Amino acid sequence: MRLAVISDIHANLTALKAVLEDIRLQKVDKIFCLGDLVGYGPAPREVVDIAMLKFEFTLRGNHDEAVTFKLPKQFNPVAARSIFWTREKLKPAPQSGPHSFRRWNFLCKKLKDVVQVDDLLFAHGTPRSFYDYVDGIKAAKKVFAILSSEVTTLFVGHSHIPVVFVEMEQGIRVLNYDAPKLPKLREHRLIINVGSVGQPRDGNPRACYVVVDNETNEFYYRRVEYDVEEVVRQIYAKAGLPKDNAHRLRGGY
């Protein structure tokens, strides 16, 4: 079985459509989403609709949680304004049609915290919290320590930085997504950050996701071009959506 593991779409429909076309070309069987469907971007309704239709499962990201429940204190002003704008677009009014209520119910009740498939574990931030980052060796060491012995690989998103942490006898090795040779699954325990579809932050504006071949134990990253300027225009056209969300797409930060 071949899997596409995606994360952090952030209501960027243009990027998601480009990624879905690339996934089709990779002959993938199932799409797993690690969360943050919404927040920052201009098309939350359309992205949630695609998630409901096409993804095997979707995890709850911290932005999904903030939109549907309570905004946490750690959100910066730009992120908070984006959440309020997104909530206004998604939360049904009494006179809304049935699909608006189905969409809202999906966000509130159908997203999962973690999913395990055989020896592969999927989380947004870490298995303990979708707010936690695996952003360095120290954090990776703590996460490896709490993983069940049944888990060989943890897939995460949240930081928007594609990177691989490899647990080895001599310590934890950090590999960039474009390393000349990535380890195979089950050779070592791994934490794989799949990067971001809708808001990359590694200085590369192309959308990012991971393909997993569960038969050969190989995985590889895909970087996908999309029309960034079209999304910039869309954000500028949405009254109340912070313009900073557009600018950062150009530089991938």
# chains A, B, ... in the order shown; residues from 1 in each chain; ligands from 1
$ closest_atom_pairs --of "stretch 151-237 of chain A" --to "stretch 100-123 of chain A" --cutoff "9 Å" --atoms "only C-alpha atoms" --output "CSV"
residue,atom,partner,partner_atom,distance
A:Val151,CA,A:Asp119,CA,4.5
A:Thr152,CA,A:Asp119,CA,5.6
A:Thr153,CA,A:Leu120,CA,5.1
A:Leu154,CA,A:Leu121,CA,4.7
A:Phe155,CA,A:Phe122,CA,4.9
A:Val156,CA,A:Ala123,CA,5.2
A:Gly157,CA,A:Ala123,CA,7.5
A:Arg186,CA,A:Asp119,CA,8.9
$ select_by_dssp --residues "stretch 210-247 of chain A" --states "strand (DSSP E)" --output "PDB file with N, CA and C atoms, in the first residue's frame"
ATOM      1  N   VAL A 210       4.743  13.832   1.970  1.00  0.00           N
ATOM      2  CA  VAL A 210       5.552  12.610   1.960  1.00  0.00           C
ATOM      3  C   VAL A 210       4.747  11.461   1.364  1.00  0.00           C
ATOM      4  N   VAL A 211       5.419  10.664   0.561  1.00  0.00           N
ATOM      5  CA  VAL A 211       4.858   9.413   0.041  1.00  0.00           C
ATOM      6  C   VAL A 211       5.535   8.253   0.760  1.00  0.00           C
ATOM      7  N   VAL A 212       4.737   7.294   1.203  1.00  0.00           N
ATOM      8  CA  VAL A 212       5.240   6.118   1.915  1.00  0.00           C
ATOM      9  C   VAL A 212       4.843   4.869   1.143  1.00  0.00           C
ATOM     10  N   ASP A 213       5.838   4.018   0.857  1.00  0.00           N
ATOM     11  CA  ASP A 213       5.570   2.712   0.261  1.00  0.00           C
ATOM     12  C   ASP A 213       5.705   1.674   1.364  1.00  0.00           C
ATOM     13  N   GLU A 218      10.134   2.257   1.870  1.00  0.00           N
ATOM     14  CA  GLU A 218      10.742   3.506   1.432  1.00  0.00           C
ATOM     15  C   GLU A 218       9.766   4.667   1.615  1.00  0.00           C
ATOM     16  N   PHE A 219      10.314   5.846   1.858  1.00  0.00           N
ATOM     17  CA  PHE A 219       9.510   7.065   1.867  1.00  0.00           C
ATOM     18  C   PHE A 219      10.305   8.160   1.194  1.00  0.00           C
ATOM     19  N   TYR A 220       9.604   9.109   0.630  1.00  0.00           N
ATOM     20  CA  TYR A 220      10.290  10.222  -0.013  1.00  0.00           C
ATOM     21  C   TYR A 220       9.399  11.456   0.030  1.00  0.00           C
ATOM     22  N   TYR A 221      10.051  12.613  -0.011  1.00  0.00           N
ATOM     23  CA  TYR A 221       9.349  13.890   0.004  1.00  0.00           C
ATOM     24  C   TYR A 221       9.039  14.338  -1.413  1.00  0.00           C
ATOM     25  N   ARG A 222       7.932  15.041  -1.546  1.00  0.00           N
ATOM     26  CA  ARG A 222       7.567  15.682  -2.790  1.00  0.00           C
ATOM     27  C   ARG A 222       7.423  17.188  -2.541  1.00  0.00           C
ATOM     28  N   ARG A 223       8.039  18.007  -3.387  1.00  0.00           N
ATOM     29  CA  ARG A 223       7.843  19.458  -3.372  1.00  0.00           C
ATOM     30  C   ARG A 223       7.089  19.820  -4.648  1.00  0.00           C
ATOM     31  N   VAL A 224       6.011  20.562  -4.479  1.00  0.00           N
ATOM     32  CA  VAL A 224       5.078  20.794  -5.574  1.00  0.00           C
ATOM     33  C   VAL A 224       4.903  22.288  -5.801  1.00  0.00           C
TER      34      VAL A 224
END
$ closest_atom_pairs --of "stretch 29-131 of chain A" --to "stretch 135-140 of chain A" --cutoff "12 Å" --atoms "only C-alpha atoms" --output "Markdown table"
| residue | atom | partner | partner_atom | distance |
| --- | --- | --- | --- | --- |
| A:Gly125 | CA | A:Asp135 | CA | 9.9 |
| A:Thr126 | CA | A:Ala140 | CA | 9.6 |
| A:Pro127 | CA | A:Ala140 | CA | 11.9 |
| A:Tyr131 | CA | A:Asp135 | CA | 11.9 |
$ write_last_selection --atoms "N, CA and C atoms" --output "compact mmCIF listing (two decimals), in the first residue's frame"
# COMPACT_ATOMS: atom_id res chain seq x y z
N GLY A 125 1.27 17.35 16.40
CA GLY A 125 2.48 17.88 17.02
C GLY A 125 3.32 16.77 17.61
N THR A 126 2.85 16.17 18.71
CA THR A 126 3.42 14.96 19.29
C THR A 126 2.24 14.09 19.74
N PRO A 127 2.49 12.84 20.12
CA PRO A 127 1.38 12.02 20.60
C PRO A 127 0.71 12.57 21.86
N TYR A 131 -0.08 20.82 20.35
CA TYR A 131 0.65 22.09 20.50
C TYR A 131 2.16 21.89 20.59
$ residues_around --residues "stretch 22-29 of chain A" --least-positions-apart "6" --cutoff "7 Å" --atoms "only C-alpha atoms" --output "PDB file with C-alpha atoms, in the first residue's frame"
ATOM      1  CA  MET A   1       0.000   0.000   0.000  1.00  0.00           C
ATOM      2  CA  ARG A   2       1.228   3.477  -0.892  1.00  0.00           C
ATOM      3  CA  LEU A   3       0.300   6.378   1.365  1.00  0.00           C
ATOM      4  CA  ALA A   4       0.437  10.144   0.986  1.00  0.00           C
TER       5      ALA A   4
END
